[in-house]
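Student: This is final_15.tsv, which holds TSV, C-alpha atoms:
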```
chain	number	residue	atom	x	y	z
H	1	MET	CA	-44.49	81.77	-56.32
H	2	GLU	CA	-42.14	79.66	-58.39
H	3	ASP	CA	-40.63	76.34	-57.29
H	4	SER	CA	-37.82	75.73	-59.75
H	5	TYR	CA	-35.53	72.78	-60.36
H	6	ARG	CA	-32.83	74.76	-58.56
H	7	HIS	CA	-35.00	75.18	-55.48
H	8	LYS	CA	-35.72	71.44	-55.44
H	9	GLY	CA	-32.00	70.75	-55.66
H	10	MET	CA	-31.35	73.03	-52.70
H	11	ARG	CA	-33.98	71.11	-50.72
H	12	ARG	CA	-32.30	67.83	-51.53
H	13	GLN	CA	-29.06	69.21	-50.12
H	14	LEU	CA	-30.89	70.39	-46.98
H	15	VAL	CA	-32.33	66.89	-46.50
H	16	LYS	CA	-28.79	65.47	-46.64
H	17	VAL	CA	-27.72	67.94	-43.94
H	18	LEU	CA	-30.60	66.87	-41.70
H	19	GLN	CA	-29.74	63.20	-42.23
H	20	SER	CA	-26.15	63.91	-41.25
H	21	LYS	CA	-27.42	65.52	-38.02
H	22	GLY	CA	-29.36	62.40	-37.07
H	23	ILE	CA	-32.90	62.85	-38.42
H	24	LYS	CA	-34.08	59.35	-39.32
H	25	ASP	CA	-37.85	59.51	-39.96
H	26	GLN	CA	-38.10	59.23	-43.74
H	27	ARG	CA	-41.57	60.79	-43.74
H	28	ILE	CA	-40.18	63.99	-42.24
H	29	LEU	CA	-37.22	64.06	-44.62
H	30	ASP	CA	-39.56	63.58	-47.59
H	31	ILE	CA	-41.79	66.45	-46.42
H	32	ILE	CA	-38.87	68.85	-45.93
H	33	GLY	CA	-37.73	67.80	-49.39
H	34	LYS	CA	-41.18	68.68	-50.74
H	35	VAL	CA	-42.29	71.91	-49.01
H	36	PRO	CA	-41.00	75.08	-50.72
H	37	ARG	CA	-39.50	76.89	-47.72
H	38	HIS	CA	-38.39	79.77	-49.95
H	39	PHE	CA	-42.05	80.81	-50.27
H	40	PHE	CA	-41.67	82.21	-46.73
H	41	PHE	CA	-38.76	84.48	-47.72
H	42	GLU	CA	-38.56	87.74	-49.61
H	43	ASN	CA	-37.01	87.34	-53.05
H	44	ALA	CA	-33.73	88.95	-52.02
H	45	LEU	CA	-33.34	86.40	-49.21
H	46	VAL	CA	-34.19	83.21	-51.09
H	47	GLU	CA	-30.55	82.09	-50.91
H	48	HIS	CA	-31.01	81.67	-47.14
H	49	ALA	CA	-34.18	79.58	-47.40
H	50	TYR	CA	-32.42	76.23	-47.55
H	51	GLU	CA	-29.65	76.91	-45.07
H	52	ASP	CA	-30.11	75.02	-41.82
H	53	LYS	CA	-30.72	78.08	-39.70
H	54	ALA	CA	-33.53	80.18	-38.27
H	55	PHE	CA	-34.41	83.46	-39.95
H	56	PRO	CA	-36.37	86.57	-38.83
H	57	ILE	CA	-39.97	86.85	-40.10
H	58	GLY	CA	-41.02	90.04	-38.28
H	59	ALA	CA	-42.76	90.79	-34.97
H	60	GLY	CA	-39.64	89.61	-33.16
H	61	GLN	CA	-40.21	86.04	-34.38
H	62	THR	CA	-38.30	83.62	-36.61
H	63	ILE	CA	-38.97	80.79	-39.02
H	64	SER	CA	-37.42	77.86	-37.17
H	65	GLN	CA	-34.23	76.13	-38.21
H	66	PRO	CA	-35.15	73.12	-40.39
H	67	TYR	CA	-33.28	70.77	-38.04
H	68	THR	CA	-35.34	72.06	-35.11
H	69	VAL	CA	-38.59	71.52	-37.03
H	70	ALA	CA	-37.52	68.00	-37.94
H	71	PHE	CA	-36.30	67.18	-34.42
H	72	GLN	CA	-39.48	68.34	-32.69
H	73	THR	CA	-41.63	66.57	-35.27
H	74	GLU	CA	-39.68	63.35	-34.79
H	75	LEU	CA	-40.17	63.52	-31.01
H	76	LEU	CA	-43.94	63.80	-31.50
H	77	ASP	CA	-44.05	60.38	-33.22
H	78	ILE	CA	-47.07	61.46	-35.29
H	79	LYS	CA	-49.65	58.95	-36.43
H	80	PRO	CA	-52.07	59.87	-39.26
H	81	GLY	CA	-55.19	61.43	-37.75
H	82	ASP	CA	-53.47	62.61	-34.56
H	83	LYS	CA	-55.08	65.75	-33.17
H	84	ILE	CA	-52.20	68.15	-32.56
H	85	LEU	CA	-52.08	71.55	-30.88
H	86	GLU	CA	-49.26	73.83	-32.02
H	87	ILE	CA	-48.37	76.71	-29.72
H	88	GLY	CA	-46.84	79.45	-31.88
H	89	THR	CA	-47.95	79.40	-35.51
H	90	GLY	CA	-45.24	81.84	-36.55
H	91	SER	CA	-44.54	81.56	-40.27
H	92	GLY	CA	-46.68	78.42	-40.56
H	93	TYR	CA	-43.81	76.22	-41.77
H	94	GLN	CA	-44.00	73.83	-38.82
H	95	ALA	CA	-47.79	73.64	-39.16
H	96	ILE	CA	-47.39	72.60	-42.81
H	97	VAL	CA	-45.03	69.79	-41.80
H	98	LEU	CA	-47.58	68.57	-39.24
H	99	VAL	CA	-50.40	68.68	-41.79
H	100	GLU	CA	-48.24	66.79	-44.31
H	101	MET	CA	-47.68	64.13	-41.63
H	102	GLY	CA	-51.42	63.52	-41.66
H	103	ALA	CA	-52.26	65.33	-38.43
H	104	ASP	CA	-55.39	67.34	-37.62
H	105	VAL	CA	-53.66	70.58	-36.64
H	106	TYR	CA	-54.90	73.31	-34.30
H	107	THR	CA	-52.43	76.19	-34.25
H	108	ILE	CA	-52.50	79.33	-32.09
H	109	GLU	CA	-50.44	82.53	-32.49
H	110	TYR	CA	-49.88	85.31	-29.94
H	111	GLN	CA	-48.76	87.98	-32.45
H	112	LYS	CA	-51.74	89.41	-34.36
H	113	THR	CA	-49.67	90.46	-37.39
H	114	LEU	CA	-48.32	86.93	-37.84
H	115	TYR	CA	-51.76	85.37	-37.28
H	116	ASP	CA	-53.33	87.65	-39.91
H	117	ARG	CA	-50.57	86.90	-42.41
H	118	THR	CA	-50.36	83.14	-41.93
H	119	LYS	CA	-54.08	82.35	-41.90
H	120	VAL	CA	-54.21	83.81	-45.43
H	121	PHE	CA	-50.88	82.56	-46.74
H	122	LEU	CA	-51.09	78.86	-45.79
H	123	PRO	CA	-54.45	78.27	-47.52
H	124	GLN	CA	-52.94	79.91	-50.63
H	125	MET	CA	-50.33	77.13	-50.48
H	126	GLY	CA	-53.08	74.55	-50.08
H	127	TYR	CA	-52.82	73.98	-46.31
H	128	LYS	CA	-55.76	74.53	-43.97
H	129	PRO	CA	-55.01	73.85	-40.32
H	130	HIS	CA	-57.37	75.37	-37.74
H	131	PHE	CA	-56.02	78.89	-37.02
H	132	PHE	CA	-56.49	80.72	-33.71
H	133	TYR	CA	-55.28	84.03	-32.30
H	134	GLY	CA	-54.59	84.21	-28.58
H	135	ASP	CA	-52.44	83.25	-25.59
H	136	GLY	CA	-51.05	79.85	-26.51
H	137	SER	CA	-49.34	79.44	-23.14
H	138	LYS	CA	-52.81	78.53	-21.87
H	139	GLY	CA	-53.41	76.09	-24.70
H	140	LEU	CA	-56.78	75.85	-26.43
H	141	SER	CA	-59.03	74.13	-23.94
H	142	ARG	CA	-62.26	74.16	-25.94
H	143	PHE	CA	-60.88	71.61	-28.41
H	144	ALA	CA	-59.00	69.49	-25.88
H	145	PRO	CA	-57.90	66.81	-25.34
H	146	TYR	CA	-55.08	66.49	-27.88
H	147	ASP	CA	-52.98	63.50	-28.87
H	148	LYS	CA	-49.87	65.66	-29.10
H	149	ILE	CA	-48.89	69.26	-28.28
H	150	ILE	CA	-45.87	71.08	-29.71
H	151	VAL	CA	-44.53	74.40	-28.42
H	152	THR	CA	-42.36	76.39	-30.83
H	153	ALA	CA	-41.11	79.02	-28.37
H	154	GLY	CA	-38.95	78.81	-25.25
H	155	ALA	CA	-40.92	78.50	-22.00
H	156	PRO	CA	-39.73	79.24	-18.44
H	157	THR	CA	-41.59	76.14	-17.18
H	158	VAL	CA	-43.98	73.50	-18.49
H	159	PRO	CA	-47.45	75.14	-18.38
H	160	ASP	CA	-49.90	73.03	-16.36
H	161	ALA	CA	-52.69	73.93	-18.80
H	162	LEU	CA	-50.89	72.13	-21.63
H	163	VAL	CA	-50.42	68.94	-19.62
H	164	ASP	CA	-54.09	69.10	-18.61
H	165	GLN	CA	-55.14	69.30	-22.27
H	166	LEU	CA	-53.18	66.18	-23.29
H	167	LYS	CA	-54.79	62.79	-23.66
H	168	VAL	CA	-53.38	60.05	-21.44
H	169	GLY	CA	-50.56	58.54	-23.46
H	170	GLY	CA	-50.02	61.81	-25.33
H	171	TYR	CA	-46.78	63.78	-25.80
H	172	LEU	CA	-45.97	67.42	-25.12
H	173	VAL	CA	-42.77	68.57	-26.85
H	174	ILE	CA	-41.55	71.86	-25.41
H	175	PRO	CA	-38.26	73.79	-25.04
H	176	VAL	CA	-37.81	74.92	-21.42
H	177	GLY	CA	-35.13	77.16	-19.94
H	178	ASP	CA	-34.18	80.83	-19.75
H	179	GLN	CA	-34.50	83.35	-22.57
H	180	LYS	CA	-31.10	82.44	-24.04
H	181	THR	CA	-31.08	78.64	-24.21
H	182	GLN	CA	-33.55	75.88	-23.52
H	183	GLN	CA	-33.54	72.11	-23.25
H	184	MET	CA	-36.01	70.19	-25.39
H	185	LEU	CA	-38.38	68.17	-23.24
H	186	ARG	CA	-40.82	65.44	-24.17
H	187	VAL	CA	-43.47	65.12	-21.49
H	188	THR	CA	-45.56	61.94	-21.66
H	189	LYS	CA	-48.88	61.92	-19.83
H	190	THR	CA	-48.82	58.44	-18.29
H	191	GLY	CA	-51.99	58.87	-16.19
H	192	GLU	CA	-54.56	61.51	-15.26
H	193	ASN	CA	-52.13	62.99	-12.72
H	194	LYS	CA	-48.86	61.41	-13.81
H	195	ILE	CA	-46.19	62.47	-16.29
H	196	ARG	CA	-42.78	61.25	-17.43
H	197	THR	CA	-40.24	63.77	-18.70
H	198	GLU	CA	-37.39	63.07	-21.12
H	199	VAL	CA	-34.64	65.66	-21.68
H	200	PHE	CA	-32.95	66.15	-25.05
H	201	ASN	CA	-30.56	68.63	-26.70
H	202	ASP	CA	-30.13	72.34	-26.02
H	203	PHE	CA	-31.87	74.74	-28.41
H	204	LYS	CA	-32.41	78.47	-28.77
H	205	PHE	CA	-35.99	79.66	-29.35
H	206	VAL	CA	-37.70	83.02	-29.19
H	207	PRO	CA	-39.51	83.42	-25.83
H	208	LEU	CA	-42.98	81.95	-25.29
H	209	LEU	CA	-45.20	84.97	-24.60
H	210	GLY	CA	-48.35	84.97	-22.51
H	211	SER	CA	-49.59	84.53	-18.96
H	212	ASP	CA	-47.86	81.16	-18.49
H	213	GLY	CA	-44.82	82.15	-20.55
H	214	TRP	CA	-42.56	85.19	-20.38
H	215	LYS	CA	-44.75	88.17	-19.55
```
Take the structure in the file and write it out as C-alpha cells.

Tutor:
Amino acid sequence: MEDSYRHKGMRRQLVKVLQSKGIKDQRILDIIGKVPRHFFFENALVEHAYEDKAFPIGAGQTISQPYTVAFQTELLDIKPGDKILEIGTGSGYQAIVLVEMGADVYTIEYQKTLYDRTKVFLPQMGYKPHFFYGDGSKGLSRFAPYDKIIVTAGAPTVPDALVDQLKVGGYLVIPVGDQKTQQMLRVTKTGENKIRTEVFNDFKFVPLLGSDGWK
C-alpha cells in the first residue's frame, strides 16, 4: 500500500472541496487530509478515491461520501476519550476518522463479509477500534452507555434501543427516512426519558438492516 506525493495532493484538493461545502472543524479536515482513502479501493479505481462521492465496496454497501463522513463527525462534536458506538462498520473509513479524533470506538457490522474484511484490514493500517458482528439496529447494550452514537445507514425510524444506550447529554446522529432519501437527525438525550431532535440536510444512505431497521 503506497501513499505517494500525488495521493497526498489529491487529498489536499478533497479537503478544499469539503471546506467549500461548509465543513469547519479543522481537526476533521486534517484527518481527511491524512487518511489514505485510496487504500480502500482496488488499484484500477484509485482515481475515484478522492472524489467527493460514495463508492461500492461489496455486499450491497458503500464507502461513504467524504462530505457525509465529515458532516456526521462534525455533528457528533467529539471530545478526546468519548466512548462512541458506530452502527455500520462498512469499509472502516468512518471508524478511522473517529479513532483519529481521539474517541474510544465500538463498531458493529451486519454483513459478515465486511466484518471479516475490516477487522483484519484496519489493524493492518494501525487502527484498532473494538469490532463486533451483529444487528446494529439494536445497538450494543453490554458496553453501554455511550457518549455518542453514529449510524451510517438509513433508518426508517430512530431505534429506541439506541436512545436507551446513550448517556444523558449524549448525541445520536442518524439518517432517517425512506430507502431513497433520509434527513440527518441529531438526537440529544436531555434526560432519562427526554430527547431533543435537530433536523439537518437530506442524504442518501444504504438501508439500515436488522430488526429495528429495514427487514

Student: Just the number, please: distance in Å from atom CA of H:Lys34 to atom CA of H:Val17, one decimal.

Tutor: 15.1 Å

Student: Contacts of stretch 210-215 of chain H at 8 Å or less, counting all atoms listed in the file, minus same-chain residues fewer than 4 places along, as a PyMOL selection string?

Tutor: chain H and resi 110+135-138+155-157+159

Student: Might you pull out every residue within 10 Å of H:Arg12, with all atoms listed in the file counted and same-chain residues fewer than 2 positions away left off, and present them as a list in words?

Tutor: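 Once the nearby chain positions are removed, what remains is Arg6, His7, Lys8, Gly9, Met10, Leu14, Val15, Lys16, Val17, Leu29, Asp30, Ile32, Gly33, Lys34 and Tyr50 of chain H.
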
Student: Name all residues at most 10 Å from H:Leu75 (count only C-alpha atoms; drop same-chain ones fewer than 3 positions away) and give them as a ChimeraX atom specification.

Tutor: /H:70-72,78,150,171-173,184-186,200

Student: Between atom CA of H:Asp52 and atom CA of H:Arg37, what is the distance in Å, rounded to a tenth?

Tutor: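 Atom CA of H:Asp52 sits 11.2 Å away from atom CA of H:Arg37.
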
Student: Might you pull out every residue within 10 Å of H:Glu100, with all atoms listed in the file counted and same-chain residues fewer than 6 positions away left off, and present them as a list in words?

Tutor: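 Once the nearby chain positions are removed, what remains is Arg27, Ile28, Asp30, Ile31, Ile32, Lys34, Val35, Pro80, Gln94 and Tyr127 of chain H.
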
Student: For H:Leu76, which residue among H:Glu51, H:Val187, H:Arg11, H:Gln124 is the nearest when counting all atoms listed in the file?

Tutor: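 Counting all atoms listed in the file, the residue closest to H:Leu76 is H:Val187.
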
Student: Could you state the separation of atom CA of H:Leu166 and atom CA of H:Asp147 in Å, given to one decimal place?

Tutor: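 Rounded to one decimal, the two atoms are 6.2 Å apart.
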
Student: Could you give me, as a PyMOL selection string, the residues that sit within 10 Å of (-37.8, 75.5, -36.4) in the file's coordinates, counting only C-alpha atoms?

Tutor: chain H and resi 52-55+62-73+90-91+93-94+152-153+203-205

Student: For those residues, write C-alpha atoms to a file as a short mmCIF file (atom, residue, chain, number, x, y, z; two decimals), keeping the file's coordinate frame.

Tutor:
```
data_model
loop_
_atom_site.label_atom_id
_atom_site.label_comp_id
_atom_site.auth_asym_id
_atom_site.auth_seq_id
_atom_site.Cartn_x
_atom_site.Cartn_y
_atom_site.Cartn_z
CA ASP H 52 -30.11 75.02 -41.82
CA LYS H 53 -30.72 78.08 -39.70
CA ALA H 54 -33.53 80.18 -38.27
CA PHE H 55 -34.41 83.46 -39.95
CA THR H 62 -38.30 83.62 -36.61
CA ILE H 63 -38.97 80.79 -39.02
CA SER H 64 -37.42 77.86 -37.17
CA GLN H 65 -34.23 76.13 -38.21
CA PRO H 66 -35.15 73.12 -40.39
CA TYR H 67 -33.28 70.77 -38.04
CA THR H 68 -35.34 72.06 -35.11
CA VAL H 69 -38.59 71.52 -37.03
CA ALA H 70 -37.52 68.00 -37.94
CA PHE H 71 -36.30 67.18 -34.42
CA GLN H 72 -39.48 68.34 -32.69
CA THR H 73 -41.63 66.57 -35.27
CA GLY H 90 -45.24 81.84 -36.55
CA SER H 91 -44.54 81.56 -40.27
CA TYR H 93 -43.81 76.22 -41.77
CA GLN H 94 -44.00 73.83 -38.82
CA THR H 152 -42.36 76.39 -30.83
CA ALA H 153 -41.11 79.02 -28.37
CA PHE H 203 -31.87 74.74 -28.41
CA LYS H 204 -32.41 78.47 -28.77
CA PHE H 205 -35.99 79.66 -29.35
#
```

Student: Using all atoms listed in the file, pick whichever of H:Thr89, H:Gln111, H:Thr197, H:Asn43 has the shortest atom-to-atom distance to H:Ala59.

Tutor: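 With all atoms listed in the file as the atom set, the closest residue is H:Gln111.
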
Student: I'd like the neighbourhood of H:Ile149 as a PyMOL selection string, where a residue qualifies if any of its atoms comes within 6 Å (using only C-alpha atoms), though same-chain residues fewer than 3 positions away should be ignored.

Tutor: chain H and resi 84-86+172

Student: Would you mind telling me which residue in H:Leu98, H:Lys189, H:Leu162, H:Leu209 lies nearest to H:Gly134 when using all atoms listed in the file?

Tutor: H:Leu209

Student: Determine the nearest neighbour of H:Pro207 from the options H:Lys112, H:Lys180, H:Lys119, H:Lys167, counting all atoms listed in the file.

Tutor: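 With all atoms listed in the file as the atom set, the closest residue is H:Lys180.
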